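Colleague: Structure file upload_14.tsv (TSV, C-alpha atoms and all ligand atoms) right here:
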```tsv
chain	number	residue	atom	x	y	z
P	1	MET	CA	21.76	26.38	-13.10
P	2	ILE	CA	20.27	24.23	-10.37
P	3	LEU	CA	16.56	24.99	-9.95
P	4	ASP	CA	16.13	24.99	-6.19
P	5	GLY	CA	12.60	23.72	-5.56
P	6	LYS	CA	13.11	23.94	-1.83
P	7	ALA	CA	13.77	27.67	-2.04
P	8	VAL	CA	10.83	28.26	-4.40
P	9	ALA	CA	8.59	26.25	-2.06
P	10	GLU	CA	9.58	28.61	0.77
P	11	THR	CA	8.31	31.59	-1.25
P	12	VAL	CA	5.01	29.77	-1.93
P	13	LYS	CA	4.64	28.91	1.77
P	14	ALA	CA	5.36	32.51	2.79
P	15	ASP	CA	2.62	33.68	0.42
P	16	VAL	CA	0.23	31.05	1.85
P	17	ALA	CA	1.04	32.15	5.42
P	18	THR	CA	0.25	35.78	4.53
P	19	ARG	CA	-3.07	34.81	2.97
P	20	VAL	CA	-3.99	32.58	5.93
P	21	ALA	CA	-3.18	35.43	8.34
P	22	ALA	CA	-5.40	37.79	6.31
P	23	LEU	CA	-8.30	35.32	6.55
P	24	ASN	CA	-7.67	34.83	10.29
P	25	GLN	CA	-7.91	38.59	10.76
P	26	ARG	CA	-11.39	38.41	9.27
P	27	GLY	CA	-12.27	35.64	11.73
P	28	VAL	CA	-11.92	32.88	9.14
P	29	SER	CA	-9.73	29.88	10.01
P	30	VAL	CA	-8.24	27.58	7.37
P	31	GLY	CA	-8.20	23.79	7.78
P	32	LEU	CA	-6.68	20.85	5.93
P	33	ALA	CA	-7.85	17.31	6.70
P	34	THR	CA	-5.43	14.50	5.89
P	35	VAL	CA	-6.62	10.92	5.57
P	36	LEU	CA	-4.03	8.16	5.79
P	37	VAL	CA	-5.08	4.53	5.43
P	38	GLY	CA	-2.69	1.66	6.15
P	39	ASP	CA	0.97	1.57	7.02
P	40	ASP	CA	2.87	2.33	3.82
P	41	PRO	CA	6.07	3.96	5.20
P	42	ALA	CA	6.45	6.43	2.30
P	43	SER	CA	2.83	7.59	2.70
P	44	HIS	CA	3.45	8.20	6.40
P	45	VAL	CA	6.51	10.33	5.58
P	46	TYR	CA	4.56	12.36	2.98
P	47	VAL	CA	1.58	12.97	5.25
P	48	ARG	CA	3.79	13.97	8.18
P	49	SER	CA	5.50	16.54	5.98
P	50	LYS	CA	2.13	17.85	4.73
P	51	ARG	CA	0.81	18.21	8.28
P	52	ARG	CA	3.97	19.97	9.44
P	53	THR	CA	3.83	22.37	6.50
P	54	ALA	CA	0.15	23.09	7.14
P	55	GLU	CA	0.88	23.99	10.74
P	56	ALA	CA	3.90	26.12	9.74
P	57	THR	CA	1.71	28.20	7.43
P	58	GLY	CA	-1.07	28.70	9.98
P	59	ILE	CA	-3.40	26.09	8.49
P	60	ASN	CA	-5.19	23.89	11.04
P	61	SER	CA	-4.33	20.24	10.45
P	62	PHE	CA	-6.97	17.57	11.10
P	63	HIS	CA	-5.45	14.14	10.77
P	64	HIS	CA	-7.33	10.84	10.36
P	65	GLU	CA	-5.30	7.63	10.44
P	66	LEU	CA	-7.10	4.38	9.69
P	67	PRO	CA	-5.92	0.75	9.61
P	68	ALA	CA	-5.36	-0.95	6.26
P	69	ASN	CA	-8.39	-3.20	6.74
P	70	THR	CA	-10.82	-0.28	7.13
P	71	PRO	CA	-13.94	-1.02	5.07
P	72	GLN	CA	-14.59	1.19	2.05
P	73	ARG	CA	-17.89	2.40	3.51
P	74	ASP	CA	-16.13	3.74	6.66
P	75	ILE	CA	-13.71	5.79	4.57
P	76	GLU	CA	-16.60	7.07	2.47
P	77	ALA	CA	-18.46	8.06	5.66
P	78	LEU	CA	-15.37	9.95	6.85
P	79	ILE	CA	-15.12	11.84	3.55
P	80	GLU	CA	-18.79	12.81	3.78
P	81	GLN	CA	-18.26	14.02	7.32
P	82	LEU	CA	-15.25	16.13	6.21
P	83	ASN	CA	-17.23	17.51	3.24
P	84	ALA	CA	-19.85	18.77	5.70
P	85	ASP	CA	-17.37	20.14	8.26
P	86	PRO	CA	-17.10	23.95	7.97
P	87	ALA	CA	-13.67	23.89	9.68
P	88	VAL	CA	-12.25	21.86	6.77
P	89	ASP	CA	-11.31	23.74	3.58
P	90	GLY	CA	-9.11	21.08	2.01
P	91	ILE	CA	-9.25	17.28	2.09
P	92	LEU	CA	-6.27	15.15	1.18
P	93	VAL	CA	-6.57	11.37	0.89
P	94	GLN	CA	-3.03	10.03	0.63
P	95	LEU	CA	-2.65	7.70	-2.36
P	96	PRO	CA	-2.09	4.90	-3.03
P	97	LEU	CA	-4.77	3.37	-0.82
P	98	PRO	CA	-4.32	-0.24	0.33
P	99	HIS	CA	-5.25	-2.98	-2.10
P	100	GLY	CA	-8.99	-3.66	-2.24
P	101	LEU	CA	-10.11	-0.07	-1.70
P	102	ASP	CA	-11.70	1.80	-4.61
P	103	SER	CA	-9.61	4.98	-4.66
P	104	ASP	CA	-11.46	6.42	-7.69
P	105	ARG	CA	-14.73	6.28	-5.79
P	106	ILE	CA	-13.16	7.84	-2.70
P	107	THR	CA	-11.51	10.65	-4.72
P	108	GLU	CA	-14.81	11.32	-6.47
P	109	LEU	CA	-16.65	11.61	-3.15
P	110	ILE	CA	-14.53	14.59	-2.07
P	111	ASP	CA	-16.38	17.88	-2.48
P	112	PRO	CA	-14.58	19.41	-5.53
P	113	SER	CA	-14.39	22.76	-3.69
P	114	LYS	CA	-12.33	21.01	-0.97
P	115	ASP	CA	-10.21	18.96	-3.38
P	116	ALA	CA	-6.78	20.12	-2.12
P	117	ASP	CA	-4.97	17.69	-4.43
P	118	GLY	CA	-6.81	18.99	-7.51
P	119	LEU	CA	-7.40	15.43	-8.71
P	120	HIS	CA	-11.22	15.27	-8.61
P	121	PRO	CA	-12.66	14.62	-12.10
P	122	PHE	CA	-14.62	17.90	-11.80
P	123	ASN	CA	-11.43	19.90	-11.28
P	124	LEU	CA	-9.60	17.97	-14.00
P	125	GLY	CA	-12.58	18.75	-16.25
P	126	LEU	CA	-12.25	22.47	-15.48
P	127	LEU	CA	-8.58	22.19	-16.41
P	128	VAL	CA	-9.50	20.64	-19.76
P	129	LEU	CA	-11.95	23.50	-20.32
P	130	GLY	CA	-9.33	26.10	-19.32
P	131	ARG	CA	-11.51	27.36	-16.46
P	132	ASP	CA	-10.50	28.25	-12.91
P	133	GLY	CA	-10.39	25.37	-10.44
P	134	LEU	CA	-8.04	23.66	-8.03
P	135	THR	CA	-5.20	22.23	-10.10
P	136	PRO	CA	-3.01	19.17	-9.38
P	137	CYS	CA	-0.18	20.05	-7.01
P	138	THR	CA	2.86	18.51	-8.68
P	139	PRO	CA	2.41	19.86	-12.22
P	140	THR	CA	1.34	23.26	-10.87
P	141	GLY	CA	4.49	23.23	-8.76
P	142	VAL	CA	6.57	22.55	-11.87
P	143	LEU	CA	5.12	25.66	-13.53
P	144	ARG	CA	5.87	27.70	-10.40
P	145	ILE	CA	9.53	26.67	-10.50
P	146	LEU	CA	9.83	27.69	-14.15
P	147	GLU	CA	8.04	30.99	-13.46
P	148	HIS	CA	10.24	31.71	-10.44
P	149	TYR	CA	13.41	31.37	-12.49
P	150	GLY	CA	12.00	33.39	-15.40
P	151	ILE	CA	12.07	30.39	-17.75
P	152	GLU	CA	9.62	31.25	-20.50
P	153	ILE	CA	7.49	28.38	-21.82
P	154	SER	CA	5.44	30.32	-24.37
P	155	GLY	CA	6.14	28.97	-27.85
P	156	LYS	CA	8.70	26.50	-26.50
P	157	ASN	CA	8.80	22.82	-27.34
P	158	VAL	CA	8.07	20.90	-24.16
P	159	VAL	CA	8.36	17.12	-24.01
P	160	ILE	CA	6.60	15.54	-21.04
P	161	VAL	CA	7.65	11.96	-20.43
P	162	GLY	CA	4.77	10.16	-18.68
P	163	ARG	CA	1.00	10.41	-19.18
P	164	SER	CA	-0.36	9.69	-15.69
P	165	PHE	CA	-3.46	11.51	-14.48
P	166	LEU	CA	-1.39	12.64	-11.48
P	167	VAL	CA	1.43	14.37	-13.34
P	168	GLY	CA	1.94	13.98	-17.10
P	169	ARG	CA	-1.55	14.69	-18.43
P	170	PRO	CA	-2.37	17.66	-16.20
P	171	GLN	CA	1.15	19.00	-16.81
P	172	ALA	CA	0.40	19.05	-20.53
P	173	LEU	CA	-2.98	20.73	-19.99
P	174	LEU	CA	-1.46	23.43	-17.76
P	175	MET	CA	1.27	24.13	-20.28
P	176	ILE	CA	-1.08	24.51	-23.26
P	177	GLN	CA	-3.46	26.89	-21.47
P	178	LYS	CA	-3.84	30.29	-23.08
P	179	GLY	CA	-1.21	32.44	-21.43
P	180	ALA	CA	1.18	29.52	-20.89
P	181	ASP	CA	1.23	28.70	-24.61
P	182	ALA	CA	3.80	25.92	-24.80
P	183	THR	CA	3.86	23.41	-27.64
P	184	VAL	CA	3.62	20.08	-25.87
P	185	THR	CA	4.51	16.51	-26.79
P	186	ILE	CA	3.54	13.75	-24.36
P	187	ALA	CA	5.75	10.67	-24.47
P	188	HIS	CA	5.06	7.34	-22.76
P	189	SER	CA	6.18	3.73	-22.71
P	190	ARG	CA	5.04	3.17	-26.32
P	191	THR	CA	6.84	6.19	-27.73
P	192	ASN	CA	9.26	5.33	-30.54
P	193	ASP	CA	12.81	6.58	-30.05
P	194	LEU	CA	12.25	8.49	-26.83
P	195	ALA	CA	15.78	9.92	-26.96
P	196	ALA	CA	15.16	11.57	-30.34
P	197	VAL	CA	11.79	12.95	-29.19
P	198	CYS	CA	13.42	14.41	-26.07
P	199	ARG	CA	16.29	15.93	-28.04
P	200	GLY	CA	13.70	18.09	-29.81
P	201	ALA	CA	12.69	19.67	-26.51
P	202	ASP	CA	13.56	23.07	-25.12
P	203	ILE	CA	12.11	21.82	-21.84
P	204	ILE	CA	11.81	18.20	-20.66
P	205	VAL	CA	9.54	17.19	-17.79
P	206	ALA	CA	10.32	13.64	-16.71
P	207	ALA	CA	7.52	11.94	-14.74
P	208	VAL	CA	8.13	8.27	-15.36
P	209	GLY	CA	9.22	6.38	-12.25
P	210	VAL	CA	12.27	4.78	-13.90
P	211	PRO	CA	15.56	5.73	-12.23
P	212	LYS	CA	17.93	7.73	-14.48
P	213	LEU	CA	15.94	6.97	-17.66
P	214	ILE	CA	16.78	10.35	-19.16
P	215	GLY	CA	20.49	10.45	-19.95
P	216	ALA	CA	22.99	12.41	-22.01
P	217	GLY	CA	21.54	11.10	-25.26
P	218	HIS	CA	18.10	12.54	-24.44
P	219	VAL	CA	19.01	16.20	-23.98
P	220	SER	CA	20.05	18.95	-26.36
P	221	PRO	CA	22.58	21.55	-25.28
P	222	GLY	CA	20.88	24.30	-23.31
P	223	ALA	CA	17.68	22.38	-22.59
P	224	VAL	CA	15.84	22.83	-19.28
P	225	VAL	CA	15.17	19.59	-17.40
P	226	ILE	CA	12.54	19.13	-14.70
P	227	ASP	CA	12.84	15.82	-12.89
P	228	VAL	CA	9.58	14.82	-11.20
P	229	GLY	CA	10.68	11.25	-10.50
P	230	ILE	CA	11.19	9.99	-6.98
P	231	ASN	CA	12.61	6.48	-6.97
P	232	ARG	CA	13.80	4.70	-3.86
P	233	THR	CA	16.92	2.69	-4.75
P	234	ASP	CA	19.83	1.16	-2.85
P	235	ASP	CA	21.66	4.45	-3.53
P	236	GLY	CA	18.85	6.44	-1.87
P	237	LEU	CA	16.37	8.73	-3.64
P	238	VAL	CA	17.00	8.96	-7.36
P	239	GLY	CA	15.15	10.89	-10.05
P	240	ASP	CA	14.10	9.87	-13.56
P	241	VAL	CA	17.03	11.87	-14.92
P	242	ASP	CA	20.69	10.88	-14.75
P	243	PHE	CA	21.70	14.17	-13.13
P	244	ASP	CA	25.47	13.65	-13.37
P	245	ALA	CA	25.30	12.66	-17.04
P	246	VAL	CA	23.23	15.64	-18.20
P	247	GLN	CA	24.14	18.51	-15.88
P	248	ASP	CA	26.97	19.84	-18.06
P	249	ILE	CA	24.82	19.72	-21.21
P	250	VAL	CA	21.63	21.40	-19.99
P	251	SER	CA	21.10	25.03	-18.98
P	252	ALA	CA	18.98	24.30	-15.91
P	253	ILE	CA	17.89	21.24	-13.96
P	254	THR	CA	15.99	20.34	-10.81
P	255	PRO	CA	17.77	18.07	-8.32
P	256	VAL	CA	16.26	15.04	-6.58
P	257	PRO	CA	15.65	15.50	-3.74
P	258	GLY	CA	15.09	19.24	-3.35
P	259	GLY	CA	13.46	19.91	-6.71
P	260	VAL	CA	9.81	19.20	-7.50
P	261	GLY	CA	9.06	17.28	-4.25
P	262	PRO	CA	8.93	20.30	-1.91
P	263	MET	CA	6.77	22.15	-4.46
P	264	THR	CA	4.09	19.45	-4.32
P	265	VAL	CA	3.64	20.00	-0.60
P	266	ALA	CA	3.71	23.80	-0.95
P	267	MET	CA	1.07	23.74	-3.71
P	268	LEU	CA	-1.19	21.63	-1.48
P	269	MET	CA	-1.18	24.52	0.99
P	270	HIS	CA	-1.72	26.95	-1.87
P	271	ASN	CA	-4.81	25.00	-2.96
P	272	THR	CA	-6.11	24.81	0.62
P	273	VAL	CA	-5.90	28.56	1.22
P	274	THR	CA	-7.35	29.22	-2.24
P	275	ALA	CA	-10.32	27.00	-1.36
P	276	ALA	CA	-10.73	28.86	1.94
P	277	GLU	CA	-10.67	32.25	0.17
P	278	TRP	CA	-13.30	31.11	-2.31
P	279	ARG	CA	-15.46	29.82	0.53
P	280	ALA	CA	-15.03	33.04	2.51
P	281	ALA	CA	-16.06	35.00	-0.60
P	282	GLY	CA	-19.21	32.88	-0.79
P	283	GLY	CA	-17.99	30.93	-3.83
P	301	LIG	P1	2.84	6.40	-13.25
P	301	LIG	O1	1.40	6.61	-12.98
P	301	LIG	O2	3.46	5.08	-13.03
P	301	LIG	O3	3.11	6.85	-14.76
P	301	LIG	C1	4.37	6.67	-15.35
P	301	LIG	C2	4.32	7.09	-16.79
P	301	LIG	O4	5.62	6.89	-17.35
P	301	LIG	C3	3.34	6.28	-17.63
P	301	LIG	O5	2.64	7.15	-18.50
P	301	LIG	C4	4.25	5.34	-18.42
P	301	LIG	O6	3.79	5.05	-19.71
P	301	LIG	C5	5.51	6.16	-18.54
P	301	LIG	N1	6.68	5.29	-18.72
P	301	LIG	C6	7.03	4.22	-17.99
P	301	LIG	N2	8.18	3.69	-18.47
P	301	LIG	C7	8.55	4.44	-19.52
P	301	LIG	C8	9.64	4.40	-20.43
P	301	LIG	N3	10.59	3.48	-20.35
P	301	LIG	N4	9.68	5.35	-21.40
P	301	LIG	C9	8.73	6.30	-21.50
P	301	LIG	N5	7.68	6.40	-20.66
P	301	LIG	C10	7.59	5.47	-19.68
P	301	LIG	O7	3.74	7.43	-12.40
P	301	LIG	P2	3.40	8.90	-11.85
P	301	LIG	O8	2.45	8.80	-10.74
P	301	LIG	O9	3.14	9.84	-12.96
P	301	LIG	O10	4.83	9.24	-11.21
P	301	LIG	C11	5.99	9.33	-12.01
P	301	LIG	C12	7.20	9.58	-11.12
P	301	LIG	O11	7.02	10.82	-10.45
P	301	LIG	C13	7.39	8.54	-10.00
P	301	LIG	O12	8.76	8.39	-9.76
P	301	LIG	C14	6.73	9.19	-8.79
P	301	LIG	O13	7.28	8.76	-7.58
P	301	LIG	C15	7.09	10.63	-9.05
P	301	LIG	N6	6.19	11.61	-8.42
P	301	LIG	C16	6.79	12.62	-7.79
P	301	LIG	C17	6.02	13.61	-7.22
P	301	LIG	C18	6.71	14.74	-6.55
P	301	LIG	O14	6.14	15.38	-5.70
P	301	LIG	N7	7.95	15.03	-6.94
P	301	LIG	C19	4.63	13.55	-7.28
P	301	LIG	C20	4.04	12.51	-7.98
P	301	LIG	C21	4.84	11.54	-8.56
P	301	LIG	P3	2.44	4.19	-20.00
P	301	LIG	O15	1.31	5.16	-19.74
P	301	LIG	O16	2.56	3.84	-21.43
P	301	LIG	O17	2.46	3.03	-19.05
```
So that I can check it, write out the structure of this file as structure tokens.
Modeller:
Amino acid sequence: MILDGKAVAETVKADVATRVAALNQRGVSVGLATVLVGDDPASHVYVRSKRRTAEATGINSFHHELPANTPQRDIEALIEQLNADPAVDGILVQLPLPHGLDSDRITELIDPSKDADGLHPFNLGLLVLGRDGLTPCTPTGVLRILEHYGIEISGKNVVIVGRSFLVGRPQALLMIQKGADATVTIAHSRTNDLAAVCRGADIIVAAVGVPKLIGAGHVSPGAVVIDVGINRTDDGLVGDVDFDAVQDIVSAITPVPGGVGPMTVAMLMHNTVTAAEWRAAGG
């Protein structure tokens, strides 16, 4: 089975649009501010898609584009201004920032209640504690795909390949929450015999950044494979999984593109409307 992230993302966006319309009816508008620094082509593509999706779901998009040589203090001043702006419910600073800028400091300056990406240390702390907060978009999107297709993770052996703060770590935390109840192994570049570790998995989440790293020798028959990787190669966009090599062995797999990528954007809108609802409720 091909897990169609694009289709699942449409259901998330439809839900967001309904919730935005309900807030609008109460006189509450919803706004997402995007901050793009520099001229990294991939970042421009991502931000354009985020702005388009915001507008399509009824979220007001406020875009701020700054040159690569913008001083740190100017970006910090912009974040403070957006924190104070009542029209802004979510703030997204597109990463990576140009060399020389302190992205940790900038991320930490975002008001955690407007942290649309769910990457502020406060929100990551809530995730560790198992308390409600805004959660990182990509790993939350992965869970949504599994949920949508009725793929149970409770009690299952999940191997997550990659331990980044953006994907691997929060993915593990989301999957071990009470209610999700997976048994999680996190693999990384120092893992011994990655193939053997992966073969023990009912579900593999690959978030590595190495094209086609996960091949036929890494998957057991019937496993579910979620490919988070987006690698630009001469052959176009390629995931971390060798799709052709594993597709006849596994029971379900996400394609690249059209798998996890669209979910990341949809979950950004989900976080933005969630933040707006909390604010409207006085939270
Ligand atoms: P990252 O910060 O570079 O982390 C990569 C992780 O993979 C690290 O933990 C690294 O281990 C591990 N790793 C590297 N080589 C390995 C190997 N040969 N065997 C096992 N583990 C290995 O990357 P990221 O930000 O998590 O992104 C991962 C991939 O997902 C990239 O392709 C990125 O473009 C993609 N991505 C996609 C979306 C989406 O929306 N679909 C969103 C975010 C990221 P160490 O910690 O030991 O170095």
Colleague: Collect all residues with atoms no farther than 9 Å from ligand LIG 301 (chain P), counting all atoms listed in the file, and output them as a PyMOL selection string.
Modeller: chain P and resi 137-139+141+161-169+186-191+194+206-211+213-214+227-232+238-240+256-257+259-265
Colleague: Tell me which of P:Ala17, P:Glu147, P:Leu174, P:Thr107 sits closest to P:Arg131, counting all atoms listed in the file.
Modeller: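 Checking each candidate against P:Arg131, we get P:Leu174 as the closest.
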Colleague: Record the distance separating atom CA of P:Glu277 and atom CA of P:Lys114, expressed in Å with one decimal.
Modeller: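 Atom CA of P:Lys114 lies at a distance of 11.4 Å from atom CA of P:Glu277.
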Colleague: Which stretch 75-120 of chain P residues have any atom within 7 Å of an atom of stretch 27-46 of chain P, and for each, what is the nearest pair of atoms with distance in Å to one decimal, counting all atoms listed in the file, rows sorted by chain and number, as a Markdown table?
Modeller:
```
| residue | atom | partner | partner_atom | distance |
| --- | --- | --- | --- | --- |
| P:Ala87 | CA | P:Gly31 | CA | 5.8 |
| P:Val88 | CA | P:Gly31 | CA | 4.6 |
| P:Asp89 | CA | P:Gly31 | CA | 5.2 |
| P:Gly90 | CA | P:Leu32 | CA | 4.6 |
| P:Ile91 | CA | P:Ala33 | CA | 4.8 |
| P:Leu92 | CA | P:Thr34 | CA | 4.8 |
| P:Val93 | CA | P:Val35 | CA | 4.7 |
| P:Gln94 | CA | P:Leu36 | CA | 5.6 |
| P:Leu97 | CA | P:Val37 | CA | 6.4 |
| P:Pro98 | CA | P:Gly38 | CA | 6.3 |
```
Colleague: Quick one: pull the distance between atom CA of P:Lys6 and atom CA of P:Thr18, Å, one decimal.
Modeller: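 Calculated distance between atom CA of P:Lys6 and atom CA of P:Thr18 is 18.6 Å.
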Colleague: What does the distance from atom CA of P:Ser49 to atom CA of P:Thr140 come to in Å, to one decimal?
Modeller: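 Separating atom CA of P:Ser49 from atom CA of P:Thr140 is a distance of 18.6 Å.
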Colleague: Please provide the set of residues having any atom within 10 Å of P:Gly258, restricted to only C-alpha atoms, with same-chain residues fewer than 5 positions apart removed, written as a ChimeraX atom specification.
Modeller: /P:3-7,9,263
Colleague: Would you save the residues of that selection, restricted to C-alpha atoms, as a CSV table (one decimal), in the coordinates of the input?
Modeller:
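Result written to again-v1.csv:
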```
chain,number,residue,atom,x,y,z
P,3,LEU,CA,16.6,25.0,-10.0
P,4,ASP,CA,16.1,25.0,-6.2
P,5,GLY,CA,12.6,23.7,-5.6
P,6,LYS,CA,13.1,23.9,-1.8
P,7,ALA,CA,13.8,27.7,-2.0
P,9,ALA,CA,8.6,26.2,-2.1
P,263,MET,CA,6.8,22.2,-4.5
```
Colleague: Using all atoms listed in the file, find each residue in stretch 101-161 of chain P having at least one atom no more than 8 Å away from stretch 202-205 of chain P; report its shortest atom-to-atom pair and that distance in Å (one decimal), rows by chain then rising number, as a tab-separated table.
Modeller:
```
residue	atom	partner	partner_atom	distance
P:Lys156	CA	P:Asp202	CA	6.1
P:Asn157	CA	P:Asp202	CA	5.3
P:Val158	CA	P:Ile203	CA	4.7
P:Val159	CA	P:Ile204	CA	4.9
P:Ile160	CA	P:Val205	CA	4.7
P:Val161	CA	P:Val205	CA	6.2
```
Colleague: Any chance you can output those residues with C-alpha atoms as a compact mmCIF listing (two decimals), keeping the file's coordinate frame?
Modeller:
```txt
# COMPACT_ATOMS: atom_id res chain seq x y z
CA LYS P 156 8.70 26.50 -26.50
CA ASN P 157 8.80 22.82 -27.34
CA VAL P 158 8.07 20.90 -24.16
CA VAL P 159 8.36 17.12 -24.01
CA ILE P 160 6.60 15.54 -21.04
CA VAL P 161 7.65 11.96 -20.43
```
Colleague: Out of P:Leu134, P:Val12, P:Val250, P:Val273, which residue has the shortest atom-to-atom distance to P:Pro170 when counting all atoms listed in the file?
Modeller: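 Among the listed residues, P:Leu134 lies closest to P:Pro170.
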Colleague: Between P:Pro221, P:Gly125, P:Pro96, P:Gly282, single out the one closest to P:Val246, counting all atoms listed in the file.
Modeller: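 For P:Val246, the nearest of the given residues is P:Pro221.
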Colleague: Measuring atom to atom with all atoms listed in the file, identify which of P:Thr70, P:Thr274, P:Thr254, P:Asn24 is nearest to P:Tyr149.
Modeller: P:Thr254
Colleague: For a quick check of understanding, using only C-alpha atoms, which of P:Glu80, P:Asp234, P:Asp117, P:Asp244 has the smallest distance to P:Met267?
Modeller: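 Looking only at the distances to P:Met267, the closest residue turns out to be P:Asp117.
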Colleague: Which residue is closest to P:Leu237? Choose from P:Lys178, P:Lys50, P:Lys13, P:Lys212 and count all atoms listed in the file.
Modeller: P:Lys212
Colleague: Counting all atoms listed in the file, write as a list in words all protein and nucleic acid residues lying at most 10 Å from (21.7, 12.1, -24.2) in the file's frame.
Modeller: Ala195, Ala196, Cys198, Arg199, Ile214, Gly215, Ala216, Gly217, His218, Val219, Ser220, Pro221, Asp242, Ala245, Val246 and Ile249 of chain P
Colleague: Using 6 Å of padding on each side, determine the axis-aligned box around all atoms of stretch 200-205 of chain P present in the file and give its centre and edge lengths in Å to one decimal, as AutoDock Vina command-line options.
Modeller:
```
--center_x 11.6 --center_y 20.1 --center_z -23.8 --size_x 16.2 --size_y 17.9 --size_z 24.0
```
Colleague: Is it possible to add N, CA and C atoms to stretch 202-219 of chain P and hand it back as a compact mmCIF listing (two decimals), in the frame of the given file?
Modeller:
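Result went into result.txt, see below:
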```
# COMPACT_ATOMS: atom_id res chain seq x y z
N ASP P 202 12.90 21.99 -25.85
CA ASP P 202 13.56 23.07 -25.12
C ASP P 202 13.47 22.78 -23.62
N ILE P 203 12.35 22.15 -23.25
CA ILE P 203 12.11 21.82 -21.84
C ILE P 203 11.64 20.37 -21.77
N ILE P 204 12.25 19.59 -20.88
CA ILE P 204 11.81 18.20 -20.66
C ILE P 204 11.25 18.11 -19.25
N VAL P 205 10.07 17.51 -19.12
CA VAL P 205 9.54 17.19 -17.79
C VAL P 205 9.49 15.67 -17.72
N ALA P 206 10.27 15.09 -16.83
CA ALA P 206 10.32 13.64 -16.71
C ALA P 206 9.48 13.19 -15.53
N ALA P 207 8.40 12.46 -15.80
CA ALA P 207 7.52 11.94 -14.74
C ALA P 207 7.20 10.50 -15.07
N VAL P 208 8.17 9.64 -14.84
CA VAL P 208 8.13 8.27 -15.36
C VAL P 208 8.14 7.22 -14.24
N GLY P 209 9.06 7.40 -13.29
CA GLY P 209 9.22 6.38 -12.25
C GLY P 209 10.24 5.34 -12.62
N VAL P 210 11.16 5.67 -13.55
CA VAL P 210 12.27 4.78 -13.90
C VAL P 210 13.57 5.52 -13.59
N PRO P 211 14.36 5.00 -12.64
CA PRO P 211 15.56 5.73 -12.23
C PRO P 211 16.50 6.02 -13.41
N LYS P 212 16.89 7.28 -13.53
CA LYS P 212 17.93 7.73 -14.48
C LYS P 212 17.60 7.37 -15.94
N LEU P 213 16.32 7.30 -16.28
CA LEU P 213 15.94 6.97 -17.66
C LEU P 213 16.46 8.01 -18.65
N ILE P 214 16.38 9.28 -18.25
CA ILE P 214 16.78 10.35 -19.16
C ILE P 214 18.27 10.63 -18.99
N GLY P 215 19.03 10.31 -20.04
CA GLY P 215 20.49 10.45 -19.95
C GLY P 215 21.01 11.46 -20.95
N ALA P 216 22.34 11.42 -21.14
CA ALA P 216 22.99 12.41 -22.01
C ALA P 216 22.43 12.38 -23.44
N GLY P 217 22.04 11.21 -23.90
CA GLY P 217 21.54 11.10 -25.26
C GLY P 217 20.13 11.66 -25.45
N HIS P 218 19.48 12.05 -24.36
CA HIS P 218 18.10 12.54 -24.44
C HIS P 218 18.02 14.07 -24.44
N VAL P 219 19.13 14.74 -24.16
CA VAL P 219 19.01 16.20 -23.98
C VAL P 219 19.85 16.95 -25.01
```
